[in-house]
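Some notes on the structure that comes next.
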Amino acid sequence: MKLNKFLHFLFAFTLLLGIVSCNSDNNDEPEIFYGNGFLIANEGTFGKPEGDVTFVSADLNLKQDNVFSLNNGGAKLGDVLQMIAFNGDNAYLLLNNSNKIQVANRYNFKAGGQITAELNNPRYMAFANNNIYVTNDKYGGDKFVSIYKISDGSFIKKIPFTDAAERIVEAGNNIFVQNASFGFGNKISYINTSTNEVQSTITLPNVNINKIISNNQNVYAIAAGTADSYIYQISSTGNLTKTTTLTGIANAKNLEISNGKFYFTSGKNVYTMDMSATTAPTSPLFTVANSVDAYSALYGFSVINDKIFTSDSNGFTQASKIVVYNTSGAIIRAFTTGIGSNSVYPN
């Protein structure tokens, strides 16, 4: 590598806690391999095209912000980067308020195609049976899942819902839709991907679902009751197979699974427990620091390879702060990212 390119490489990343701006108009800017690290989705400010991605190396020592813009001539990604999903060599970046899905190569972040048909306030997406399934839930408007071919992004059909259409996951090559949003609702719809119809609806008793995830061909839902919370295990064929009561833990949310353990939050407390445990933890693993408000302090929560990432959105008025903990609850890194960091993904 020539000396000038080596220097550009050093400045393309930022060292821990440091931020170095990169000039997207510089033709000498080297291409960077974004595999073997983490990608962070930054929503940006609602109503502005500020959504973008931050890359952090696997050892957490190197960081680059504005990954999409840097690799696409300064192009704006869009308004509210809700989530990132991966299929093959592609990253699918769902822009909630831009009503589009931007496709990019996950390793160099060069833009590919876009999906814009039949999207109306898209929320989350999942892949199954060679298709893309996207939840759409417009406030005061239609609620549905839109389906597209992975091969070319062409639209296939819509599945309408009367209840919310929020998170969506794949298990056993079938699709499960969380019919609950913002802590209200107790149903999960099971879509048979052979027919692309709702096969059945799972109704959880006297609770409100906060999040569903998929792990090892099962679906897990974390839900809040009155004083207690619950984690439900649902098979890939839509059967409720296990209930774990989180006694004394109110309004648990942000469920994650890593190396045979549940991780979840309640308020600003972070808890962990073995998936096989029958009793809830009596004390949190750690408590995050105060922020501008309780909502901002744990706006994002992800657990990857025994690293616990928390995101403080700082009220969407400035850069978010990511704090990374180990599984003992000790802080191992802290750095800033874009506005409204909501999730961390392994790449």
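Residue numbering restarts at 1 in every chain; chains get A, B, ... in the order shown in the structure tokens, and ligands count up from 1 in that same order.
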For this session: Write out as a ChimeraX atom specification the residues lying within 8 Å of stretch 261-270 of chain A, counting only C-alpha atoms and excluding same-chain residues fewer than 2 positions away.
Result: /A:249-259,272-275,284-289,294,297-298,303
For this session: Find the spatial neighbours of A:Ile84, counting only C-alpha atoms, within a cut-off of 8 Å - ignore same-chain residues fewer than 5 positions away - and output them as a PyMOL selection string.
Result: chain A and resi 41+91-94+345
As a CSV table (one decimal) with all heavy atoms, in the first residue's frame, please: the residues near stretch 116-132 of chain A (cut-off 6 Å, only C-alpha atoms, same-chain neighbours under 6 positions excluded).
chain,number,residue,atom,x,y,z
A,96,ASN,N,-37.6,3.8,7.4
A,96,ASN,CA,-39.0,3.9,7.8
A,96,ASN,C,-39.8,5.1,7.2
A,96,ASN,O,-40.9,5.0,6.7
A,96,ASN,CB,-39.1,3.9,9.3
A,96,ASN,CG,-40.4,4.3,9.9
A,96,ASN,OD1,-40.7,5.4,10.2
A,96,ASN,ND2,-41.3,3.3,10.0
A,99,ASN,N,-39.9,5.3,3.3
A,99,ASN,CA,-40.7,4.3,2.6
A,99,ASN,C,-39.9,3.6,1.5
A,99,ASN,O,-40.3,3.4,0.4
A,99,ASN,CB,-41.9,4.9,2.0
A,99,ASN,CG,-42.9,5.3,3.1
A,99,ASN,OD1,-43.1,4.6,4.1
A,99,ASN,ND2,-43.6,6.4,2.9
A,100,LYS,N,-38.7,3.1,1.9
A,100,LYS,CA,-37.8,2.4,1.0
A,100,LYS,C,-36.9,1.4,1.7
A,100,LYS,O,-36.6,1.6,2.9
A,100,LYS,CB,-37.0,3.3,0.1
A,100,LYS,CG,-35.9,4.0,0.8
A,100,LYS,CD,-35.1,4.8,-0.2
A,100,LYS,CE,-33.9,5.5,0.5
A,100,LYS,NZ,-33.1,6.3,-0.5
A,138,LYS,N,-48.6,2.0,9.4
A,138,LYS,CA,-48.8,3.5,9.4
A,138,LYS,C,-49.7,3.9,10.5
A,138,LYS,O,-50.8,3.4,10.6
A,138,LYS,CB,-49.4,3.9,8.0
A,138,LYS,CG,-49.6,5.4,7.9
A,138,LYS,CD,-48.3,6.1,7.8
A,138,LYS,CE,-48.5,7.6,7.4
A,138,LYS,NZ,-47.3,8.4,7.4
A,147,ILE,N,-44.6,-8.6,0.6
A,147,ILE,CA,-43.7,-9.7,0.3
A,147,ILE,C,-43.1,-9.4,-1.0
A,147,ILE,O,-43.8,-9.0,-2.0
A,147,ILE,CB,-44.5,-11.0,0.3
A,147,ILE,CG1,-45.3,-11.2,1.6
A,147,ILE,CG2,-43.5,-12.2,0.1
A,147,ILE,CD1,-46.2,-12.4,1.5
A,148,TYR,N,-41.8,-9.7,-1.1
A,148,TYR,CA,-41.0,-9.4,-2.3
A,148,TYR,C,-40.1,-10.6,-2.6
A,148,TYR,O,-39.7,-11.3,-1.7
A,148,TYR,CB,-40.1,-8.2,-2.2
A,148,TYR,CG,-40.9,-7.0,-1.7
A,148,TYR,CD1,-41.1,-6.8,-0.3
A,148,TYR,CD2,-41.4,-6.0,-2.6
A,148,TYR,CE1,-41.8,-5.7,0.1
A,148,TYR,CE2,-42.1,-4.9,-2.1
A,148,TYR,CZ,-42.3,-4.8,-0.8
A,148,TYR,OH,-43.1,-3.7,-0.3
A,149,LYS,N,-39.7,-10.8,-3.9
A,149,LYS,CA,-38.7,-11.8,-4.2
A,149,LYS,C,-37.3,-11.3,-3.8
A,149,LYS,O,-37.0,-10.1,-4.1
A,149,LYS,CB,-38.8,-12.1,-5.7
A,149,LYS,CG,-40.0,-12.8,-6.2
A,149,LYS,CD,-39.9,-13.0,-7.7
A,149,LYS,CE,-41.2,-13.7,-8.2
A,149,LYS,NZ,-41.1,-13.9,-9.7
A,150,ILE,N,-36.5,-12.1,-3.2
A,150,ILE,CA,-35.2,-11.8,-2.9
A,150,ILE,C,-34.4,-11.5,-4.2
A,150,ILE,O,-33.6,-10.6,-4.3
A,150,ILE,CB,-34.5,-12.8,-2.1
A,150,ILE,CG1,-35.1,-12.9,-0.7
A,150,ILE,CG2,-33.0,-12.6,-1.9
A,150,ILE,CD1,-34.5,-14.0,0.2
A,167,ARG,N,-42.6,-6.2,14.8
A,167,ARG,CA,-41.5,-7.0,14.6
A,167,ARG,C,-41.9,-8.3,13.8
A,167,ARG,O,-43.0,-8.8,14.0
A,167,ARG,CB,-40.7,-7.3,15.9
A,167,ARG,CG,-40.1,-6.1,16.5
A,167,ARG,CD,-39.2,-6.5,17.7
A,167,ARG,NE,-38.6,-5.3,18.3
A,167,ARG,CZ,-37.4,-4.8,18.0
A,167,ARG,NH1,-36.7,-5.4,17.1
A,167,ARG,NH2,-37.0,-3.7,18.6
A,168,ILE,N,-40.9,-8.8,13.1
A,168,ILE,CA,-41.1,-10.0,12.2
A,168,ILE,C,-39.9,-10.8,12.2
A,168,ILE,O,-38.8,-10.3,12.1
A,168,ILE,CB,-41.5,-9.5,10.8
A,168,ILE,CG1,-41.9,-10.7,10.0
A,168,ILE,CG2,-40.5,-8.7,10.2
A,168,ILE,CD1,-42.6,-10.3,8.6
A,169,VAL,N,-40.0,-12.1,12.4
A,169,VAL,CA,-38.9,-13.0,12.5
A,169,VAL,C,-39.2,-14.3,11.7
A,169,VAL,O,-40.3,-14.6,11.5
A,169,VAL,CB,-38.5,-13.4,13.9
A,169,VAL,CG1,-38.1,-12.1,14.7
A,169,VAL,CG2,-39.6,-14.1,14.6
A,173,ASN,N,-38.2,-21.7,8.6
A,173,ASN,CA,-38.6,-21.2,7.2
A,173,ASN,C,-40.1,-20.7,7.2
A,173,ASN,O,-40.7,-20.6,6.2
A,173,ASN,CB,-38.4,-22.3,6.2
A,173,ASN,CG,-38.2,-21.7,4.8
A,173,ASN,OD1,-37.6,-20.6,4.7
A,173,ASN,ND2,-38.6,-22.4,3.8
Problem set entry | Close residues, A:Phe109 itself excluded, 8 Å, only C-alpha atoms, min 3 positions apart in chain, as a PyMOL selection string | chain A and resi 34+67-68+71-72+104-106
Output file for the residues above (N, CA, C and O atoms, as an mmCIF file, in the first residue's frame):
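Written output follows (out_17.cif):
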data_model
loop_
_atom_site.group_PDB
_atom_site.id
_atom_site.type_symbol
_atom_site.label_atom_id
_atom_site.label_comp_id
_atom_site.auth_asym_id
_atom_site.auth_seq_id
_atom_site.Cartn_x
_atom_site.Cartn_y
_atom_site.Cartn_z
ATOM 1 N N TYR A 34 -15.812 -4.189 5.391
ATOM 2 C CA TYR A 34 -16.636 -4.014 6.584
ATOM 3 C C TYR A 34 -17.038 -5.330 7.235
ATOM 4 O O TYR A 34 -17.870 -5.347 8.145
ATOM 5 N N VAL A 67 -20.966 5.437 6.910
ATOM 6 C CA VAL A 67 -20.423 4.425 6.009
ATOM 7 C C VAL A 67 -21.096 4.461 4.640
ATOM 8 O O VAL A 67 -20.428 4.393 3.605
ATOM 9 N N PHE A 68 -22.427 4.576 4.596
ATOM 10 C CA PHE A 68 -23.109 4.589 3.299
ATOM 11 C C PHE A 68 -22.721 5.818 2.493
ATOM 12 O O PHE A 68 -22.372 5.707 1.313
ATOM 13 N N ASN A 71 -19.184 5.808 0.946
ATOM 14 C CA ASN A 71 -18.925 4.861 -0.140
ATOM 15 C C ASN A 71 -19.834 5.059 -1.345
ATOM 16 O O ASN A 71 -19.794 4.257 -2.285
ATOM 17 N N ASN A 72 -20.646 6.119 -1.294
ATOM 18 C CA ASN A 72 -21.555 6.385 -2.404
ATOM 19 C C ASN A 72 -21.563 7.863 -2.775
ATOM 20 O O ASN A 72 -22.630 8.464 -3.008
ATOM 21 N N ALA A 104 -27.376 -2.678 -0.286
ATOM 22 C CA ALA A 104 -25.961 -2.344 -0.446
ATOM 23 C C ALA A 104 -25.132 -3.595 -0.208
ATOM 24 O O ALA A 104 -25.556 -4.508 0.511
ATOM 25 N N ASN A 105 -23.957 -3.644 -0.805
ATOM 26 C CA ASN A 105 -23.039 -4.737 -0.517
ATOM 27 C C ASN A 105 -22.590 -4.614 0.939
ATOM 28 O O ASN A 105 -22.124 -3.550 1.364
ATOM 29 N N ARG A 106 -22.716 -5.688 1.684
ATOM 30 C CA ARG A 106 -22.446 -5.619 3.123
ATOM 31 C C ARG A 106 -20.961 -5.449 3.450
ATOM 32 O O ARG A 106 -20.617 -5.114 4.588
#
For this session: Mind checking which residues fall within 9 Å of stretch 220-229 of chain A, counting only C-alpha atoms, ignoring those fewer than 2 positions away in the same chain, and posting them as a ChimeraX atom specification?
Result: /A:178,183,186,204-215,218,231-235,244-255,264
With N, CA and C atoms kept, could you save the residues just selected as an mmCIF file, in the first residue's frame?
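That gives us selection_6.cif:
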data_model
loop_
_atom_site.group_PDB
_atom_site.id
_atom_site.type_symbol
_atom_site.label_atom_id
_atom_site.label_comp_id
_atom_site.auth_asym_id
_atom_site.auth_seq_id
_atom_site.Cartn_x
_atom_site.Cartn_y
_atom_site.Cartn_z
ATOM 1 N N GLN A 178 -45.263 -9.931 15.035
ATOM 2 C CA GLN A 178 -45.682 -9.406 16.335
ATOM 3 C C GLN A 178 -46.832 -8.427 16.119
ATOM 4 N N GLY A 183 -45.757 -1.690 23.362
ATOM 5 C CA GLY A 183 -46.204 -2.298 24.605
ATOM 6 C C GLY A 183 -47.688 -2.566 24.695
ATOM 7 N N ASN A 186 -51.244 -8.588 22.409
ATOM 8 C CA ASN A 186 -50.796 -9.875 22.941
ATOM 9 C C ASN A 186 -50.863 -11.000 21.913
ATOM 10 N N LEU A 204 -51.238 -14.695 23.624
ATOM 11 C CA LEU A 204 -50.609 -14.857 24.932
ATOM 12 C C LEU A 204 -51.519 -14.274 26.007
ATOM 13 N N PRO A 205 -51.604 -14.913 27.171
ATOM 14 C CA PRO A 205 -52.632 -14.553 28.157
ATOM 15 C C PRO A 205 -52.296 -13.316 28.982
ATOM 16 N N ASN A 206 -53.174 -12.326 28.937
ATOM 17 C CA ASN A 206 -53.154 -11.187 29.870
ATOM 18 C C ASN A 206 -51.802 -10.480 29.950
ATOM 19 N N VAL A 207 -51.163 -10.293 28.804
ATOM 20 C CA VAL A 207 -49.873 -9.613 28.772
ATOM 21 C C VAL A 207 -49.826 -8.692 27.556
ATOM 22 N N ASN A 208 -48.802 -7.853 27.512
ATOM 23 C CA ASN A 208 -48.516 -7.025 26.344
ATOM 24 C C ASN A 208 -47.108 -7.347 25.864
ATOM 25 N N ILE A 209 -47.003 -7.695 24.593
ATOM 26 C CA ILE A 209 -45.719 -8.114 24.034
ATOM 27 C C ILE A 209 -44.850 -6.892 23.740
ATOM 28 N N ASN A 210 -43.599 -6.949 24.194
ATOM 29 C CA ASN A 210 -42.649 -5.875 23.919
ATOM 30 C C ASN A 210 -41.690 -6.193 22.777
ATOM 31 N N LYS A 211 -41.390 -7.485 22.562
ATOM 32 C CA LYS A 211 -40.459 -7.833 21.491
ATOM 33 C C LYS A 211 -40.509 -9.324 21.234
ATOM 34 N N ILE A 212 -40.361 -9.713 19.954
ATOM 35 C CA ILE A 212 -40.137 -11.114 19.613
ATOM 36 C C ILE A 212 -38.795 -11.235 18.898
ATOM 37 N N ILE A 213 -38.131 -12.379 19.114
ATOM 38 C CA ILE A 213 -36.879 -12.681 18.435
ATOM 39 C C ILE A 213 -36.908 -14.149 18.033
ATOM 40 N N SER A 214 -35.956 -14.560 17.196
ATOM 41 C CA SER A 214 -35.840 -15.948 16.774
ATOM 42 C C SER A 214 -34.480 -16.475 17.183
ATOM 43 N N ASN A 215 -34.460 -17.715 17.663
ATOM 44 C CA ASN A 215 -33.206 -18.338 18.060
ATOM 45 C C ASN A 215 -33.351 -19.849 17.974
ATOM 46 N N ASN A 218 -36.703 -21.447 17.146
ATOM 47 C CA ASN A 218 -37.824 -21.117 18.013
ATOM 48 C C ASN A 218 -38.026 -19.604 18.021
ATOM 49 N N ILE A 231 -41.276 -14.599 29.548
ATOM 50 C CA ILE A 231 -40.645 -14.975 28.295
ATOM 51 C C ILE A 231 -41.323 -16.243 27.798
ATOM 52 N N TYR A 232 -41.873 -16.188 26.596
ATOM 53 C CA TYR A 232 -42.586 -17.318 26.008
ATOM 54 C C TYR A 232 -41.748 -17.926 24.891
ATOM 55 N N GLN A 233 -41.696 -19.247 24.846
ATOM 56 C CA GLN A 233 -41.045 -19.960 23.748
ATOM 57 C C GLN A 233 -42.123 -20.561 22.848
ATOM 58 N N ILE A 234 -42.000 -20.296 21.553
ATOM 59 C CA ILE A 234 -42.983 -20.755 20.574
ATOM 60 C C ILE A 234 -42.247 -21.540 19.501
ATOM 61 N N SER A 235 -42.746 -22.713 19.148
ATOM 62 C CA SER A 235 -42.091 -23.560 18.157
ATOM 63 C C SER A 235 -42.260 -22.975 16.757
ATOM 64 N N THR A 244 -41.616 -18.761 30.915
ATOM 65 C CA THR A 244 -40.721 -18.425 32.023
ATOM 66 C C THR A 244 -41.229 -17.145 32.668
ATOM 67 N N THR A 245 -41.535 -17.215 33.958
ATOM 68 C CA THR A 245 -42.053 -16.056 34.677
ATOM 69 C C THR A 245 -40.896 -15.261 35.281
ATOM 70 N N LEU A 246 -40.871 -13.972 34.985
ATOM 71 C CA LEU A 246 -39.852 -13.062 35.545
ATOM 72 C C LEU A 246 -40.483 -12.361 36.740
ATOM 73 N N THR A 247 -40.523 -13.096 37.844
ATOM 74 C CA THR A 247 -41.230 -12.633 39.037
ATOM 75 C C THR A 247 -40.613 -11.345 39.571
ATOM 76 N N GLY A 248 -41.474 -10.358 39.800
ATOM 77 C CA GLY A 248 -41.035 -9.102 40.390
ATOM 78 C C GLY A 248 -40.328 -8.156 39.437
ATOM 79 N N ILE A 249 -40.225 -8.508 38.172
ATOM 80 C CA ILE A 249 -39.581 -7.635 37.185
ATOM 81 C C ILE A 249 -40.668 -7.078 36.284
ATOM 82 N N ALA A 250 -40.916 -5.798 36.389
ATOM 83 C CA ALA A 250 -42.011 -5.170 35.655
ATOM 84 C C ALA A 250 -41.553 -4.676 34.284
ATOM 85 N N ASN A 251 -42.447 -4.801 33.322
ATOM 86 C CA ASN A 251 -42.265 -4.232 31.976
ATOM 87 C C ASN A 251 -40.906 -4.582 31.371
ATOM 88 N N ALA A 252 -40.561 -5.866 31.372
ATOM 89 C CA ALA A 252 -39.308 -6.315 30.762
ATOM 90 C C ALA A 252 -39.407 -6.181 29.243
ATOM 91 N N LYS A 253 -38.288 -5.811 28.618
ATOM 92 C CA LYS A 253 -38.260 -5.612 27.171
ATOM 93 C C LYS A 253 -36.856 -5.864 26.647
ATOM 94 N N ASN A 254 -36.643 -5.579 25.360
ATOM 95 C CA ASN A 254 -35.307 -5.664 24.738
ATOM 96 C C ASN A 254 -34.688 -7.055 24.865
ATOM 97 N N LEU A 255 -35.462 -8.100 24.642
ATOM 98 C CA LEU A 255 -34.949 -9.460 24.792
ATOM 99 C C LEU A 255 -33.865 -9.760 23.760
ATOM 100 N N PHE A 264 -32.154 -9.083 28.983
ATOM 101 C CA PHE A 264 -33.302 -8.202 28.796
ATOM 102 C C PHE A 264 -33.173 -7.012 29.729
#
For this session: Name the residues in contact with A:Lys48 at a cut-off of 8 Å, using only C-alpha atoms, excluding same-chain residues fewer than 5 positions from it; report them as a list of chain:residue names.
Result: A:Gly78, A:Asp79, A:Val80
Okay, now the selection with all heavy atoms, as a JSON list (two decimals), in the first residue's frame?
[["chain", "number", "residue", "atom", "x", "y", "z"],
["A", 78, "GLY", "N", -31.22, 8.19, 3.77],
["A", 78, "GLY", "CA", -32.65, 8.43, 3.89],
["A", 78, "GLY", "C", -33.06, 8.79, 5.30],
["A", 78, "GLY", "O", -32.23, 9.08, 6.17],
["A", 79, "ASP", "N", -34.36, 8.76, 5.54],
["A", 79, "ASP", "CA", -34.99, 9.27, 6.75],
["A", 79, "ASP", "C", -35.43, 8.11, 7.64],
["A", 79, "ASP", "O", -36.29, 7.32, 7.26],
["A", 79, "ASP", "CB", -36.19, 10.12, 6.33],
["A", 79, "ASP", "CG", -36.85, 10.85, 7.49],
["A", 79, "ASP", "OD1", -36.43, 10.66, 8.64],
["A", 79, "ASP", "OD2", -37.81, 11.61, 7.22],
["A", 80, "VAL", "N", -34.83, 8.00, 8.80],
["A", 80, "VAL", "CA", -35.09, 7.00, 9.84],
["A", 80, "VAL", "C", -34.66, 5.59, 9.39],
["A", 80, "VAL", "O", -35.45, 4.83, 8.82],
["A", 80, "VAL", "CB", -36.55, 6.97, 10.32],
["A", 80, "VAL", "CG1", -36.71, 5.96, 11.46],
["A", 80, "VAL", "CG2", -37.00, 8.34, 10.78]]
Problem set entry | DSSP-assigned alpha helix (DSSP H) members of stretch 63-111 of chain A, reported as a list in words | Val67, Phe68, Ser69 and Leu70 of chain A
Produce a file of the selected residues containing N, CA, C and O atoms, as an mmCIF file, in the first residue's frame.
data_model
loop_
_atom_site.group_PDB
_atom_site.id
_atom_site.type_symbol
_atom_site.label_atom_id
_atom_site.label_comp_id
_atom_site.auth_asym_id
_atom_site.auth_seq_id
_atom_site.Cartn_x
_atom_site.Cartn_y
_atom_site.Cartn_z
ATOM 1 N N VAL A 67 -20.966 5.437 6.910
ATOM 2 C CA VAL A 67 -20.423 4.425 6.009
ATOM 3 C C VAL A 67 -21.096 4.461 4.640
ATOM 4 O O VAL A 67 -20.428 4.393 3.605
ATOM 5 N N PHE A 68 -22.427 4.576 4.596
ATOM 6 C CA PHE A 68 -23.109 4.589 3.299
ATOM 7 C C PHE A 68 -22.721 5.818 2.493
ATOM 8 O O PHE A 68 -22.372 5.707 1.313
ATOM 9 N N SER A 69 -22.782 6.980 3.103
ATOM 10 C CA SER A 69 -22.452 8.212 2.382
ATOM 11 C C SER A 69 -21.017 8.206 1.885
ATOM 12 O O SER A 69 -20.726 8.619 0.755
ATOM 13 N N LEU A 70 -20.091 7.746 2.712
ATOM 14 C CA LEU A 70 -18.682 7.728 2.331
ATOM 15 C C LEU A 70 -18.425 6.872 1.104
ATOM 16 O O LEU A 70 -17.538 7.181 0.301
#
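Atom CA of A:Val53 is positioned 16.9 Å from atom CA of A:Val323.
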For this session: Run DSSP on the backbone and give me the residues of stretch 194-264 of chain A it puts in strand (DSSP E or B), as a ChimeraX atom specification.
Result: /A:197-203,208-215,218-224,229-235,240-246,253-258,261-264
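Across the model, the gap from atom CA of A:Asn108 to atom CA of A:Gly37 is 12.6 Å.
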Problem set entry | Neighbour list for stretch 309-316 of chain A as a ChimeraX atom specification, cut-off 6 Å, only C-alpha atoms, skip fewer than 4 positions in-chain | /A:296-302,320-324,339-340
Restricting it to all heavy atoms, dump the selection as a compact mmCIF listing (two decimals), in the first residue's frame.
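again.txt was written with the following content:
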# COMPACT_ATOMS: atom_id res chain seq x y z
N SER A 296 -34.18 7.68 26.61
CA SER A 296 -32.94 7.80 25.84
C SER A 296 -31.86 6.86 26.34
O SER A 296 -31.05 6.36 25.56
CB SER A 296 -32.42 9.24 25.91
OG SER A 296 -33.31 10.13 25.27
N ALA A 297 -31.82 6.60 27.64
CA ALA A 297 -30.70 5.89 28.24
C ALA A 297 -30.50 4.49 27.67
O ALA A 297 -29.37 4.03 27.52
CB ALA A 297 -30.89 5.80 29.75
N LEU A 298 -31.58 3.80 27.34
CA LEU A 298 -31.50 2.46 26.76
C LEU A 298 -32.31 2.43 25.47
O LEU A 298 -33.14 1.55 25.26
CB LEU A 298 -32.01 1.41 27.74
CG LEU A 298 -30.94 0.68 28.57
CD1 LEU A 298 -31.57 -0.20 29.62
CD2 LEU A 298 -30.03 -0.15 27.67
N TYR A 299 -32.02 3.37 24.58
CA TYR A 299 -32.77 3.41 23.33
C TYR A 299 -32.40 2.21 22.46
O TYR A 299 -33.25 1.67 21.76
CB TYR A 299 -32.47 4.71 22.57
CG TYR A 299 -33.35 4.86 21.37
CD1 TYR A 299 -34.71 5.14 21.53
CD2 TYR A 299 -32.85 4.73 20.08
CE1 TYR A 299 -35.54 5.26 20.43
CE2 TYR A 299 -33.68 4.85 18.98
CZ TYR A 299 -35.02 5.12 19.15
OH TYR A 299 -35.84 5.24 18.06
N GLY A 300 -31.15 1.80 22.51
CA GLY A 300 -30.71 0.62 21.78
C GLY A 300 -30.08 -0.39 22.72
O GLY A 300 -29.41 -0.03 23.69
N PHE A 301 -30.30 -1.69 22.43
CA PHE A 301 -29.76 -2.75 23.27
C PHE A 301 -29.52 -3.97 22.40
O PHE A 301 -30.46 -4.49 21.77
CB PHE A 301 -30.74 -3.09 24.40
CG PHE A 301 -30.26 -4.14 25.35
CD1 PHE A 301 -29.32 -3.83 26.33
CD2 PHE A 301 -30.74 -5.45 25.29
CE1 PHE A 301 -28.87 -4.80 27.23
CE2 PHE A 301 -30.30 -6.42 26.17
CZ PHE A 301 -29.35 -6.10 27.14
N SER A 302 -28.28 -4.42 22.32
CA SER A 302 -27.92 -5.58 21.50
C SER A 302 -26.88 -6.40 22.25
O SER A 302 -26.02 -5.83 22.95
CB SER A 302 -27.35 -5.15 20.14
OG SER A 302 -28.26 -4.32 19.44
N SER A 320 -25.26 9.84 19.46
CA SER A 320 -25.56 8.82 20.46
C SER A 320 -24.27 8.34 21.11
O SER A 320 -23.18 8.44 20.53
CB SER A 320 -26.25 7.62 19.80
OG SER A 320 -27.47 8.00 19.22
N LYS A 321 -24.40 7.80 22.30
CA LYS A 321 -23.26 7.22 23.01
C LYS A 321 -23.47 5.72 23.15
O LYS A 321 -24.49 5.28 23.70
CB LYS A 321 -23.08 7.85 24.39
CG LYS A 321 -21.88 7.30 25.16
CD LYS A 321 -21.75 7.94 26.53
CE LYS A 321 -20.56 7.39 27.31
NZ LYS A 321 -20.44 7.99 28.66
N ILE A 322 -22.53 4.95 22.63
CA ILE A 322 -22.56 3.50 22.78
C ILE A 322 -21.63 3.11 23.92
O ILE A 322 -20.47 3.53 23.95
CB ILE A 322 -22.10 2.79 21.50
CG1 ILE A 322 -22.97 3.19 20.30
CG2 ILE A 322 -22.10 1.27 21.69
CD1 ILE A 322 -24.36 2.64 20.32
N VAL A 323 -22.15 2.33 24.87
CA VAL A 323 -21.32 1.78 25.94
C VAL A 323 -21.38 0.26 25.80
O VAL A 323 -22.46 -0.32 25.68
CB VAL A 323 -21.81 2.21 27.33
CG1 VAL A 323 -20.92 1.61 28.42
CG2 VAL A 323 -21.83 3.73 27.45
N VAL A 324 -20.21 -0.38 25.80
CA VAL A 324 -20.11 -1.82 25.62
C VAL A 324 -19.66 -2.46 26.93
O VAL A 324 -18.66 -2.03 27.52
CB VAL A 324 -19.13 -2.18 24.49
CG1 VAL A 324 -19.20 -3.68 24.19
CG2 VAL A 324 -19.40 -1.37 23.24
N ILE A 339 -26.87 9.98 15.15
CA ILE A 339 -28.06 10.35 15.91
C ILE A 339 -29.03 9.16 15.95
O ILE A 339 -29.33 8.55 14.93
CB ILE A 339 -28.74 11.58 15.29
CG1 ILE A 339 -27.84 12.81 15.44
CG2 ILE A 339 -30.10 11.85 15.94
CD1 ILE A 339 -28.36 14.04 14.73
N GLY A 340 -29.51 8.83 17.13
CA GLY A 340 -30.54 7.81 17.29
C GLY A 340 -30.08 6.41 16.97
O GLY A 340 -30.78 5.66 16.27
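Distances here use only C-alpha atoms; by that measure, the residue among A:Gly74, A:Gly185, A:Gly88, A:Gly47 closest to A:Tyr107 is A:Gly88.
The space separating atom CA of A:Thr336 from atom CA of A:Ile304 comes to 18.5 Å.
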